[in-house]
file input-v1.cif (mmCIF, C-alpha atoms and all ligand atoms)
data_coords
#
loop_
_atom_site.label_atom_id
_atom_site.label_comp_id
_atom_site.auth_asym_id
_atom_site.auth_seq_id
_atom_site.Cartn_x
_atom_site.Cartn_y
_atom_site.Cartn_z
CA MET U 1308 -39.45 10.87 52.05
CA MET U 1309 -38.63 12.30 55.48
CA GLY U 1310 -37.15 15.80 55.57
CA GLU U 1311 -33.98 14.63 57.29
CA GLN U 1312 -33.19 12.10 54.59
CA ARG U 1313 -33.78 14.79 51.97
CA GLU U 1314 -31.23 17.00 53.72
CA LYS U 1315 -28.53 14.39 53.09
CA LYS U 1316 -29.28 14.34 49.40
CA LEU U 1317 -27.78 16.58 46.75
CA LYS U 1318 -29.75 19.83 46.25
CA VAL U 1319 -30.46 18.89 42.69
CA VAL U 1320 -33.76 18.53 40.84
CA THR U 1321 -33.74 16.11 37.90
CA ILE U 1322 -36.34 16.24 35.12
CA ASP U 1323 -36.14 13.39 32.63
CA GLY U 1324 -38.42 12.11 29.90
CA PRO U 1325 -38.80 11.72 26.14
CA SER U 1326 -38.37 14.59 23.70
CA GLY U 1327 -41.10 17.18 23.33
CA GLY U 1328 -42.82 16.63 26.68
CA GLY U 1329 -42.17 20.21 27.76
CA LYS U 1330 -39.12 19.47 29.93
CA SER U 1331 -37.13 22.55 28.91
CA THR U 1332 -39.82 25.14 29.63
CA VAL U 1333 -40.75 23.47 32.89
CA SER U 1334 -37.10 23.11 33.96
CA ARG U 1335 -36.48 26.80 33.35
CA LYS U 1336 -39.55 27.74 35.39
CA VAL U 1337 -38.62 25.46 38.29
CA ALA U 1338 -35.01 26.70 38.25
CA ALA U 1339 -36.16 30.34 38.26
CA ALA U 1340 -38.60 29.73 41.15
CA LEU U 1341 -35.90 28.04 43.26
CA GLY U 1342 -33.06 30.36 42.25
CA TYR U 1343 -31.21 27.31 40.88
CA THR U 1344 -29.16 27.04 37.68
CA TYR U 1345 -30.73 25.20 34.77
CA LEU U 1346 -28.55 22.47 33.28
CA ASP U 1347 -29.66 21.45 29.78
CA THR U 1348 -27.83 18.13 29.30
CA GLY U 1349 -29.50 17.54 25.92
CA ALA U 1350 -27.77 20.66 24.58
CA MET U 1351 -24.43 18.98 25.35
CA TYR U 1352 -25.33 15.86 23.34
CA ARG U 1353 -26.51 18.13 20.55
CA VAL U 1354 -23.10 19.84 20.52
CA VAL U 1355 -21.32 16.50 20.14
CA GLY U 1356 -23.68 15.37 17.36
CA PHE U 1357 -23.26 18.68 15.56
CA GLN U 1358 -19.48 18.64 15.81
CA CYS U 1359 -19.18 14.98 14.70
CA LYS U 1360 -21.25 15.76 11.62
CA ARG U 1361 -19.35 18.95 10.83
CA ALA U 1362 -15.96 17.27 11.26
CA GLY U 1363 -17.12 14.27 9.22
CA ILE U 1364 -16.29 11.84 12.05
CA ASP U 1365 -17.07 8.19 11.40
CA LEU U 1366 -18.88 7.22 14.62
CA THR U 1367 -17.28 3.76 14.56
CA ASP U 1368 -13.79 5.31 14.55
CA ALA U 1369 -12.97 5.27 18.29
CA ALA U 1370 -9.69 7.19 17.91
CA ALA U 1371 -11.25 10.02 15.90
CA LEU U 1372 -14.14 10.27 18.33
CA SER U 1373 -11.86 10.35 21.33
CA GLY U 1374 -9.76 13.10 19.70
CA LEU U 1375 -12.91 15.15 19.16
CA LEU U 1376 -14.08 14.63 22.74
CA GLU U 1377 -10.70 15.65 24.16
CA GLN U 1378 -10.86 18.99 22.35
CA LEU U 1379 -14.41 19.75 23.28
CA GLU U 1380 -14.95 22.82 25.43
CA ILE U 1381 -18.66 23.39 25.99
CA ARG U 1382 -20.06 26.45 27.73
CA LEU U 1383 -23.73 26.86 28.55
CA LEU U 1384 -24.82 30.46 29.14
CA PRO U 1385 -28.16 31.96 30.16
CA PRO U 1386 -30.26 33.06 27.16
CA LEU U 1387 -30.31 36.69 26.08
CA HIS U 1388 -34.13 36.70 26.19
CA GLU U 1389 -36.24 35.10 28.89
CA GLY U 1390 -37.86 31.87 27.73
CA ASP U 1391 -35.27 31.12 25.05
CA ASP U 1392 -33.04 28.04 25.08
CA VAL U 1393 -29.67 28.29 26.81
CA ARG U 1394 -26.84 29.75 24.70
CA VAL U 1395 -24.22 27.24 23.70
CA LEU U 1396 -20.58 27.92 22.94
CA LEU U 1397 -18.31 25.26 21.47
CA ASN U 1398 -14.65 26.18 21.84
CA GLY U 1399 -15.75 29.82 21.95
CA GLU U 1400 -17.98 29.65 18.86
CA GLU U 1401 -21.69 30.28 19.34
CA ILE U 1402 -23.73 27.41 17.88
CA SER U 1403 -26.98 28.00 19.81
CA ALA U 1404 -29.29 28.05 16.78
CA ALA U 1405 -27.51 25.34 14.76
CA ILE U 1406 -28.06 22.65 17.41
CA ARG U 1407 -31.82 23.18 17.81
CA SER U 1408 -33.20 21.68 14.58
CA PRO U 1409 -35.00 18.29 14.61
CA GLU U 1410 -32.06 16.91 12.57
CA ALA U 1411 -29.62 18.04 15.27
CA GLY U 1412 -31.84 16.21 17.76
CA MET U 1413 -31.55 12.99 15.76
CA LEU U 1414 -27.76 13.37 15.54
CA ALA U 1415 -27.61 13.96 19.29
CA SER U 1416 -29.63 10.82 19.87
CA GLN U 1417 -27.23 8.80 17.70
CA VAL U 1418 -24.04 9.98 19.42
CA SER U 1419 -25.68 9.66 22.83
CA ALA U 1420 -25.65 5.86 22.44
CA LEU U 1421 -21.83 5.85 22.32
CA PRO U 1422 -20.24 4.92 25.68
CA ALA U 1423 -17.26 7.30 25.18
CA VAL U 1424 -19.61 10.24 24.61
CA ARG U 1425 -21.75 9.37 27.65
CA ALA U 1426 -18.71 8.96 29.89
CA LYS U 1427 -17.34 12.36 28.90
CA LEU U 1428 -20.62 14.29 29.17
CA THR U 1429 -21.75 12.55 32.38
CA ALA U 1430 -18.46 13.55 34.06
CA LEU U 1431 -18.85 17.16 32.88
CA GLN U 1432 -22.44 17.31 34.12
CA GLN U 1433 -21.50 15.88 37.52
CA GLU U 1434 -18.78 18.50 37.80
CA MET U 1435 -21.27 21.26 36.94
CA GLY U 1436 -23.71 19.97 39.57
CA GLN U 1437 -21.35 19.01 42.37
CA ALA U 1438 -22.10 22.09 44.45
CA GLY U 1439 -25.87 21.54 44.08
CA GLY U 1440 -28.41 24.25 43.31
CA ILE U 1441 -29.22 22.99 39.83
CA VAL U 1442 -32.18 21.72 37.86
CA ALA U 1443 -30.83 19.09 35.46
CA GLU U 1444 -32.91 18.13 32.46
CA GLY U 1445 -32.32 15.16 30.16
CA ARG U 1446 -32.83 11.42 29.83
CA ASP U 1447 -30.60 9.93 32.55
CA THR U 1448 -30.10 12.76 35.02
CA GLY U 1449 -32.08 10.98 37.75
CA THR U 1450 -30.84 7.47 37.02
CA VAL U 1451 -27.14 7.94 36.17
CA VAL U 1452 -25.85 11.51 36.44
CA PHE U 1453 -27.35 12.47 39.82
CA PRO U 1454 -28.67 9.29 41.46
CA ASP U 1455 -28.53 11.15 44.82
CA ALA U 1456 -30.66 14.08 43.68
CA ALA U 1457 -33.17 15.17 46.31
CA TRP U 1458 -36.04 15.55 43.84
CA LYS U 1459 -36.60 13.56 40.68
CA PHE U 1460 -39.34 13.90 38.09
CA TYR U 1461 -40.25 12.04 34.93
CA LEU U 1462 -42.29 14.06 32.45
CA ASP U 1463 -44.19 12.06 29.87
CA ALA U 1464 -46.94 12.46 27.25
CA PRO U 1465 -48.06 10.41 24.22
CA PRO U 1466 -45.94 10.96 21.04
CA GLU U 1467 -48.83 12.67 19.16
CA GLU U 1468 -49.21 15.25 21.92
CA ARG U 1469 -45.46 15.87 22.05
CA CYS U 1470 -45.42 16.25 18.27
CA ARG U 1471 -48.20 18.86 18.40
CA ARG U 1472 -46.20 20.89 20.92
CA ARG U 1473 -42.97 20.67 18.95
CA VAL U 1474 -44.76 21.76 15.76
CA ALA U 1475 -46.14 24.83 17.57
CA GLN U 1476 -42.69 25.68 18.98
CA LEU U 1477 -40.91 25.37 15.64
CA ARG U 1478 -43.61 27.36 13.82
CA ALA U 1479 -43.38 30.08 16.46
CA LYS U 1480 -39.68 30.31 15.56
CA GLY U 1481 -40.65 30.72 11.91
CA GLN U 1482 -39.47 27.25 10.85
CA GLN U 1483 -41.39 25.13 8.35
CA VAL U 1484 -42.48 21.75 9.70
CA ASN U 1485 -43.73 18.52 8.17
CA GLU U 1486 -45.91 17.10 10.95
CA GLN U 1487 -45.90 13.50 9.74
CA ALA U 1488 -42.14 13.46 9.36
CA LEU U 1489 -41.70 15.04 12.79
CA LEU U 1490 -43.95 12.45 14.45
CA ALA U 1491 -41.95 9.66 12.79
CA GLN U 1492 -38.74 11.28 14.07
CA ILE U 1493 -40.10 11.56 17.60
CA ILE U 1494 -41.09 7.90 17.63
CA GLN U 1495 -37.71 6.89 16.18
CA ARG U 1496 -35.85 9.04 18.73
CA ASP U 1497 -37.87 7.56 21.64
CA LYS U 1498 -36.96 4.09 20.38
CA GLN U 1499 -33.25 4.92 20.09
CA ASP U 1500 -33.14 6.64 23.49
CA CYS U 1501 -34.99 3.81 25.25
CA GLU U 1502 -33.24 0.88 23.59
CA ARG U 1503 -29.59 1.92 23.84
CA THR U 1504 -27.46 -0.19 26.16
CA VAL U 1505 -25.77 2.61 28.11
CA ALA U 1506 -27.96 4.85 30.29
CA PRO U 1507 -31.21 4.28 28.37
CA LEU U 1508 -34.18 6.56 28.93
CA ARG U 1509 -36.17 5.19 31.84
CA MET U 1510 -37.83 6.52 34.93
CA ALA U 1511 -35.80 6.40 38.15
CA GLU U 1512 -37.51 4.27 40.81
CA ASP U 1513 -37.71 7.25 43.14
CA ALA U 1514 -38.96 9.73 40.52
CA VAL U 1515 -42.40 11.32 40.48
CA LEU U 1516 -44.24 10.68 37.21
CA ILE U 1517 -46.15 13.58 35.66
CA ASP U 1518 -48.15 13.26 32.43
CA SER U 1519 -48.07 16.69 30.81
CA SER U 1520 -50.83 15.95 28.25
CA ASN U 1521 -53.51 18.17 29.76
CA LEU U 1522 -51.31 20.51 31.72
CA SER U 1523 -49.67 23.80 30.83
CA ALA U 1524 -45.97 24.27 31.57
CA GLU U 1525 -47.02 26.55 34.42
CA GLU U 1526 -49.21 23.82 35.95
CA VAL U 1527 -46.49 21.18 35.64
CA ALA U 1528 -43.95 23.52 37.27
CA GLU U 1529 -46.41 24.24 40.10
CA LYS U 1530 -46.91 20.52 40.71
CA MET U 1531 -43.16 20.01 40.89
CA LEU U 1532 -42.65 22.95 43.22
CA ALA U 1533 -45.39 21.61 45.49
CA VAL U 1534 -43.52 18.28 45.73
CA ILE U 1535 -40.18 20.05 46.28
CA GLN U 1536 -41.63 22.24 49.00
CA GLY U 1537 -43.05 19.14 50.65
CA LEU U 1538 -46.69 20.10 50.14
CA GLU U 1539 -47.41 16.95 48.18
CA HIS U 1540 -46.36 13.38 48.87
CA CYS U 1541 -44.32 11.50 46.31
O1 LIG R 1601 -33.42 16.87 25.26
P1 LIG R 1601 -32.89 16.98 23.82
O2 LIG R 1601 -33.97 16.78 22.82
O3 LIG R 1601 -32.13 18.25 23.59
O4 LIG R 1601 -31.84 15.77 23.68
C1 LIG R 1601 -31.25 15.43 22.44
C2 LIG R 1601 -30.79 13.97 22.48
O5 LIG R 1601 -29.69 13.84 23.39
C3 LIG R 1601 -31.83 12.96 22.95
O6 LIG R 1601 -32.57 12.41 21.88
C4 LIG R 1601 -31.00 11.89 23.64
C5 LIG R 1601 -29.76 12.61 24.08
N1 LIG R 1601 -29.70 12.83 25.52
C6 LIG R 1601 -29.26 11.81 26.31
O7 LIG R 1601 -29.00 10.72 25.81
N2 LIG R 1601 -29.10 11.99 27.65
C7 LIG R 1601 -29.41 13.16 28.22
N3 LIG R 1601 -29.24 13.31 29.54
C8 LIG R 1601 -29.90 14.23 27.43
C9 LIG R 1601 -30.06 14.03 26.07
#
call {"tool": "encode", "arguments": {"input": "input-v1.cif", "output": "structure tokens", "more": "lines below"}}
Ligand code: DC
result
Amino acid sequence: MMGEQREKKLKVVTIDGPSGGGKSTVSRKVAAALGYTYLDTGAMYRVVGFQCKRAGIDLTDAAALSGLLEQLEIRLLPPLHEGDDVRVLLNGEEISAAIRSPEAGMLASQVSALPAVRAKLTALQQEMGQAGGIVAEGRDTGTVVFPDAAWKFYLDAPPEERCRRRVAQLRAKGQQVNEQALLAQIIQRDKQDCERTVAPLRMAEDAVLIDSSNLSAEEVAEKMLAVIQGLEHC
């Protein structure tokens, strides 16, 4: 794309793709290199899933769900330690650790198929990104949330590879993991995220596809920065 056209676009980088492909680490690195803010949209879906479960909301009860969404005040804060996930506050309560389990991921995936949830979180994300200077990570940030983003990437890898990475991450945090069960969850989550009617996971037509299978997070981030700095053609 010509530099001039880029100028007219929103100074936003979007990084979408299925779970476990290394999006979070890469997004943090790209954001740090550019001096941009990292927007973890998945964390927001995790908050809604967590709160629905905790409040015992029946997901088919539109009134109850809408009441919950109206009262939702989500704050994303930089982590206390470099390399950690963003800190997440729900109505002032810190729930950073509670939303990071594989189960919380499944819950997030379930609520993310609900149009009311998507409408609410998409609007919040657009508000957070309206001034530009952000790296947004998720499933639909390039297709729906920021269709005018200047740089879009789609990070993919086979489910087995993504499972291996997730196992290593969870073990590093001291959590016990059943690899077979985790792989089944990843495949199930991919299916749910790709098959939902509203804003399904798919690559934006103008996104750059990167397969992270044989690349470190550092290498993926370098590839992205090369594209952003115009050193590589899309
Ligand atoms: O990236 P993550 O694993 O934290 O995301 C959790 C779930 O949230 C994911 O399975 C689908 C949903 N999600 C979404 O639907 N749209 C986004 N932009 C981000 C996440």
call {"tool": "closest_residue", "arguments": {"input": "input-v1.cif", "among": "U:Ala1370, U:Leu1462, U:Leu1508, U:Val1484", "to": "ligand LIG 1601 (chain R)", "atoms": "only C-alpha atoms and all ligand atoms"}}
result
U:Leu1508
call {"tool": "atom_distance", "arguments": {"input": "input-v1.cif", "atom1": "atom CA of Glu1377 of chain U", "atom2": "atom O7 of ligand LIG 1601 (chain R)"}}
result
19.0 Å
call {"tool": "atom_distance", "arguments": {"input": "input-v1.cif", "atom1": "atom CA of Lys1480 of chain U", "atom2": "atom P1 of ligand LIG 1601 (chain R)"}}
result
17.1 Å
call {"tool": "closest_atom_pairs", "arguments": {"input": "input-v1.cif", "of": "chain U", "to": "ligand LIG 1601 (chain R)", "cutoff": "8 Å", "atoms": "all atoms listed in the file", "output": "tab-separated table"}}
result
residue	atom	partner	partner_atom	distance
U:Asp1323	CA	R:LIG1601	N3	7.6
U:Pro1325	CA	R:LIG1601	O1	7.5
U:Ser1326	CA	R:LIG1601	O2	5.0
U:Gly1327	CA	R:LIG1601	O2	7.2
U:Lys1330	CA	R:LIG1601	O1	7.8
U:Ser1331	CA	R:LIG1601	O1	7.7
U:Asp1347	CA	R:LIG1601	O3	7.4
U:Thr1348	CA	R:LIG1601	C8	4.8
U:Gly1349	CA	R:LIG1601	C9	3.6
U:Ala1350	CA	R:LIG1601	O3	5.1
U:Met1351	CA	R:LIG1601	C9	7.5
U:Tyr1352	CA	R:LIG1601	O5	4.8
U:Arg1353	CA	R:LIG1601	C1	5.8
U:Arg1407	CA	R:LIG1601	O3	7.6
U:Ala1411	CA	R:LIG1601	C1	7.8
U:Gly1412	CA	R:LIG1601	C1	4.8
U:Met1413	CA	R:LIG1601	O6	6.2
U:Leu1414	CA	R:LIG1601	C2	7.6
U:Ala1415	CA	R:LIG1601	C2	4.5
U:Ser1416	CA	R:LIG1601	O6	3.9
U:Gln1417	CA	R:LIG1601	O6	7.7
U:Val1418	CA	R:LIG1601	C5	7.8
U:Ser1419	CA	R:LIG1601	O7	4.6
U:Ala1420	CA	R:LIG1601	O7	6.8
U:Arg1425	CA	R:LIG1601	O7	7.6
U:Glu1444	CA	R:LIG1601	N3	6.7
U:Gly1445	CA	R:LIG1601	N3	3.6
U:Arg1446	CA	R:LIG1601	N3	4.1
U:Asp1447	CA	R:LIG1601	N3	4.7
U:Thr1448	CA	R:LIG1601	N3	5.6
U:Val1452	CA	R:LIG1601	N3	7.9
U:Arg1496	CA	R:LIG1601	O6	5.7
U:Asp1497	CA	R:LIG1601	O6	7.2
U:Gln1499	CA	R:LIG1601	O6	7.7
U:Asp1500	CA	R:LIG1601	C4	5.7
U:Ala1506	CA	R:LIG1601	O7	7.5
U:Pro1507	CA	R:LIG1601	O7	7.3
U:Leu1508	CA	R:LIG1601	O7	7.3
call {"tool": "closest_atom_pairs", "arguments": {"input": "input-v1.cif", "of": "segment 1355-1423 of chain U", "to": "segment 1466-1479 of chain U", "cutoff": "12 Å", "atoms": "all atoms listed in the file", "output": "Markdown table"}}
result
| residue | atom | partner | partner_atom | distance |
| --- | --- | --- | --- | --- |
| U:Gly1390 | CA | U:Gln1476 | CA | 11.8 |
| U:Asp1391 | CA | U:Gln1476 | CA | 11.0 |
| U:Asp1392 | CA | U:Gln1476 | CA | 11.7 |
| U:Ala1404 | CA | U:Leu1477 | CA | 12.0 |
| U:Arg1407 | CA | U:Leu1477 | CA | 9.6 |
| U:Ser1408 | CA | U:Leu1477 | CA | 8.6 |
| U:Pro1409 | CA | U:Leu1477 | CA | 9.3 |
call {"tool": "closest_residue", "arguments": {"input": "input-v1.cif", "among": "U:Ala1423, U:Leu1431, U:Leu1376, U:Met1510", "to": "Gly1324 of chain U", "atoms": "all atoms listed in the file"}}
result
U:Met1510
call {"tool": "residues_around", "arguments": {"input": "input-v1.cif", "residues": "Ala1339 of chain U", "least_positions_apart": "4", "cutoff": "12 Å", "atoms": "only C-alpha atoms", "output": "short mmCIF file (atom, residue, chain, number, x, y, z; two decimals) with C-alpha atoms, keeping the file's coordinate frame"}}
result
data_model
loop_
_atom_site.label_atom_id
_atom_site.label_comp_id
_atom_site.auth_asym_id
_atom_site.auth_seq_id
_atom_site.Cartn_x
_atom_site.Cartn_y
_atom_site.Cartn_z
CA THR U 1332 -39.82 25.14 29.63
CA VAL U 1333 -40.75 23.47 32.89
CA SER U 1334 -37.10 23.11 33.96
CA ARG U 1335 -36.48 26.80 33.35
CA TYR U 1343 -31.21 27.31 40.88
CA THR U 1344 -29.16 27.04 37.68
CA TYR U 1345 -30.73 25.20 34.77
CA PRO U 1385 -28.16 31.96 30.16
CA GLU U 1389 -36.24 35.10 28.89
CA GLY U 1390 -37.86 31.87 27.73
CA GLY U 1440 -28.41 24.25 43.31
CA ILE U 1441 -29.22 22.99 39.83
CA VAL U 1442 -32.18 21.72 37.86
CA ALA U 1528 -43.95 23.52 37.27
CA LEU U 1532 -42.65 22.95 43.22
#
call {"tool": "closest_residue", "arguments": {"input": "input-v1.cif", "among": "U:Ala1369, U:Leu1421, U:Val1527, U:Leu1538", "to": "Tyr1461 of chain U", "atoms": "all atoms listed in the file"}}
result
U:Val1527
call {"tool": "atom_distance", "arguments": {"input": "input-v1.cif", "atom1": "atom CA of Gly1399 of chain U", "atom2": "atom CA of Leu1375 of chain U"}}
result
15.2 Å
call {"tool": "residues_around", "arguments": {"input": "input-v1.cif", "residues": "Ala1456 of chain U", "least_positions_apart": "2", "cutoff": "12 Å", "atoms": "all atoms listed in the file", "output": "PyMOL selection string"}}
result
chain U and resi 1312-1322+1433+1436-1443+1447-1454+1458-1460+1511+1513-1514+1535
call {"tool": "closest_residue", "arguments": {"input": "input-v1.cif", "among": "U:Val1505, U:Leu1522, U:Leu1387, U:Leu1379", "to": "Ala1426 of chain U", "atoms": "only C-alpha atoms"}}
result
U:Val1505
call {"tool": "closest_residue", "arguments": {"input": "input-v1.cif", "among": "U:Ala1457, U:Asn1398, U:Glu1410, U:Val1337", "to": "Leu1489 of chain U", "atoms": "only C-alpha atoms"}}
result
U:Glu1410
call {"tool": "axis_aligned_box", "arguments": {"input": "input-v1.cif", "around": "segment 1371-1384 of chain U", "padding_each_side": "4 Å", "output": "JSON"}}
result
{"center_x": -17.3, "center_y": 20.2, "center_z": 22.5, "size_x": 23.1, "size_y": 28.4, "size_z": 21.2}
